[in-house]
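Participant: Below is a structure I'd like to ask you about.
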Amino acid sequence: MKTKNSDQDWLKDAPTLAKISKENPFTVPYAYFESLNDDLKTLATLQSLPLKNEEDYPFPLHYFKHLPERINDRSAIEATRNLSPETGFQVPDIYFDSLPERIKCRIERGKEIPSD
Amino acid sequence: MQVEDFEILEKFSRESTRQEAFNLLINKYQQKIYWHIRRLVIDHDDTDDLVQDVFIKVWKNLPNFRKDSQLFTWIYRIATNESITFLNKKKLKNNISLNDSGGRTLAESLADSPYFDGDKAQMKLQKALLTLPDKQRLVFNMKYFEDLKYEEISEILGTSVGALKASFHIAVKKIEQILSHSD
């Protein structure tokens with residue numbers, strides 16, 4: 001007597017599928033399993049090595065508490081450094097051309113910087 | 001001669017033979033686990049990564065393994081969970097990618113694979129399988145290709161035998177419909 005839900009019941013419902021070879025169509029690179037065997041054993045050996053404790057890598061007190069704040073500050077400073085003259089403060093025309101001369105005057109003569 | 005699981009566990013419980021036990025476990029299960037994962041994720045390189053992840057998890061968790069399940073179903077469960085997690089991440093990555101660099105779909109991996117040696121009918125079958133939901137494909141693979149018993153699949157997946165039978169039969173009908181309507 002045929003049992004209900006037999007493992008082979010599907011055969012009558014799927015004649016096209018039943019004709020297809022069940023042989024494994026996938027392959028692996030040459031000598032893959034030999035190298036996998038070695039790789040896995042090596043990984044297991046590495047995993048079995050004792051890990052260093054956190055105490056072996058000391059860091060300042062509250063380091064992680066203040067880290068986000070310090071990262072934000074650093075980002076703000078970097079952003080300021082990257083401002084181009086067009087987007088930030090501006091100086092008069094040829095300001096930097098005359099600056100060395102004016103500094104020199106200030107140092108050597110102790111006089112007021114001549115106006116341009 | 002293949003070593004029994006209880007011998008592996010017994011050796012693993014002793015520090016002096018732990019590495020030997022793990023080597024025996026690798027020798028016994030690496031190919032079964034490889035093919036179980038490969039049929040799900042299709043790509044060889046992805047499979048290779050996952051196989052290594054699975055055995056590392058086995059190594060780390062074997063000391064806590066409770067013998068209320070069989071060793072082989074426990075390892076299969078880890079492999080299955082890793083594969084499903086991988087597939088979910090892959091889908092998410094492909095969905096949010098705005099360009100072609102998001103990774104290939106399983107169908108593309110199958111079509112491009114240098115490590116597929118099947119005939120046209122086998123390729124059609126694999127393509128048809130990729131139209132199934134991952135969990136249904138998983139049940140189909142375990143029953144059809146890996147020839148596991150429903151009771152074993154039930155222990156691995158934590159699903160009732162009745163639900164597995166229903167899932168397998170639905171998968172077979174879908175596959176048959178696709179195959180019989182294709183050229």
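Labeling convention for the structure tokens: chains A, B, ... as they appear, residues from 1 per chain, ligands from 1 in order of appearance.
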Counting only C-alpha atoms, a student should be able to say which residues of chain B come within 6 Å of chain A; what is the right answer, written as a PyMOL selection string?

Facilitator: chain B and resi 115-118+176

Participant: For the selection you just gave me, I'd like the residues written to a file as a short mmCIF file (atom, residue, chain, number, x, y, z; two decimals), in the first residue's frame, keeping N, CA, C and O atoms.

Facilitator:
data_model
loop_
_atom_site.label_atom_id
_atom_site.label_comp_id
_atom_site.auth_asym_id
_atom_site.auth_seq_id
_atom_site.Cartn_x
_atom_site.Cartn_y
_atom_site.Cartn_z
N TYR B 115 33.10 27.22 -12.63
CA TYR B 115 33.05 25.94 -11.92
C TYR B 115 31.65 25.33 -11.95
O TYR B 115 31.09 24.95 -10.94
N PHE B 116 31.10 25.32 -13.16
CA PHE B 116 29.82 24.63 -13.37
C PHE B 116 29.99 23.72 -14.56
O PHE B 116 30.35 24.17 -15.65
N ASP B 117 29.75 22.46 -14.35
CA ASP B 117 30.05 21.48 -15.39
C ASP B 117 28.81 20.70 -15.81
O ASP B 117 28.91 19.63 -16.41
N GLY B 118 27.63 21.23 -15.48
CA GLY B 118 26.40 20.49 -15.77
C GLY B 118 25.96 20.66 -17.22
O GLY B 118 26.48 21.51 -17.94
N GLU B 176 8.77 22.12 -11.47
CA GLU B 176 8.23 21.35 -12.59
C GLU B 176 7.53 22.28 -13.58
O GLU B 176 7.69 22.15 -14.79
#

Participant: Calculate how many Å separate CA of Thr17 in chain B from CA of Trp59 in chain B, rounding to one decimal.

Facilitator: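 Interatomic distance, CA of Thr17 in chain B to CA of Trp59 in chain B: 13.5 Å.
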
Participant: If you run DSSP on this backbone, which residues of chain B come out as alpha helix (DSSP H), and could you give them as an NGL selection string?

Facilitator: :B and (5-12 or 18-41 or 44-61 or 71-96 or 106-112 or 120-129 or 134-140 or 150-157 or 161-181)

Participant: Have a look at CA of Asn64 in chain B and CA of Tyr34 in chain B and let me know their distance in Å, one decimal.

Facilitator: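 Computing the Euclidean distance for CA of Asn64 in chain B and CA of Tyr34 in chain B yields 23.4 Å.
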
Participant: Taking 4 positions as the minimum chain separation for residues in the same chain, which residues sit within 12 Å of Trp74 in chain B when counting only C-alpha atoms? Answer as a PyMOL selection string.

Facilitator: chain B and resi 5+29+33+54-55+57-58+61-62+64-70+78-81+152-158

Participant: For each of B:Leu24, B:Lys143, B:Ala111, B:Leu9, take the minimum atom-to-atom distance to Met123 in chain B, counting only C-alpha atoms, then give the residue where this is smallest.

Facilitator: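 Closest to Met123 in chain B, using only C-alpha atoms: B:Ala111.
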
Participant: Quick one, how far is CA of Lys120 in chain B from CA of Leu106 in chain B?

Facilitator: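 Going from CA of Lys120 in chain B over to CA of Leu106 in chain B covers 17.5 Å.
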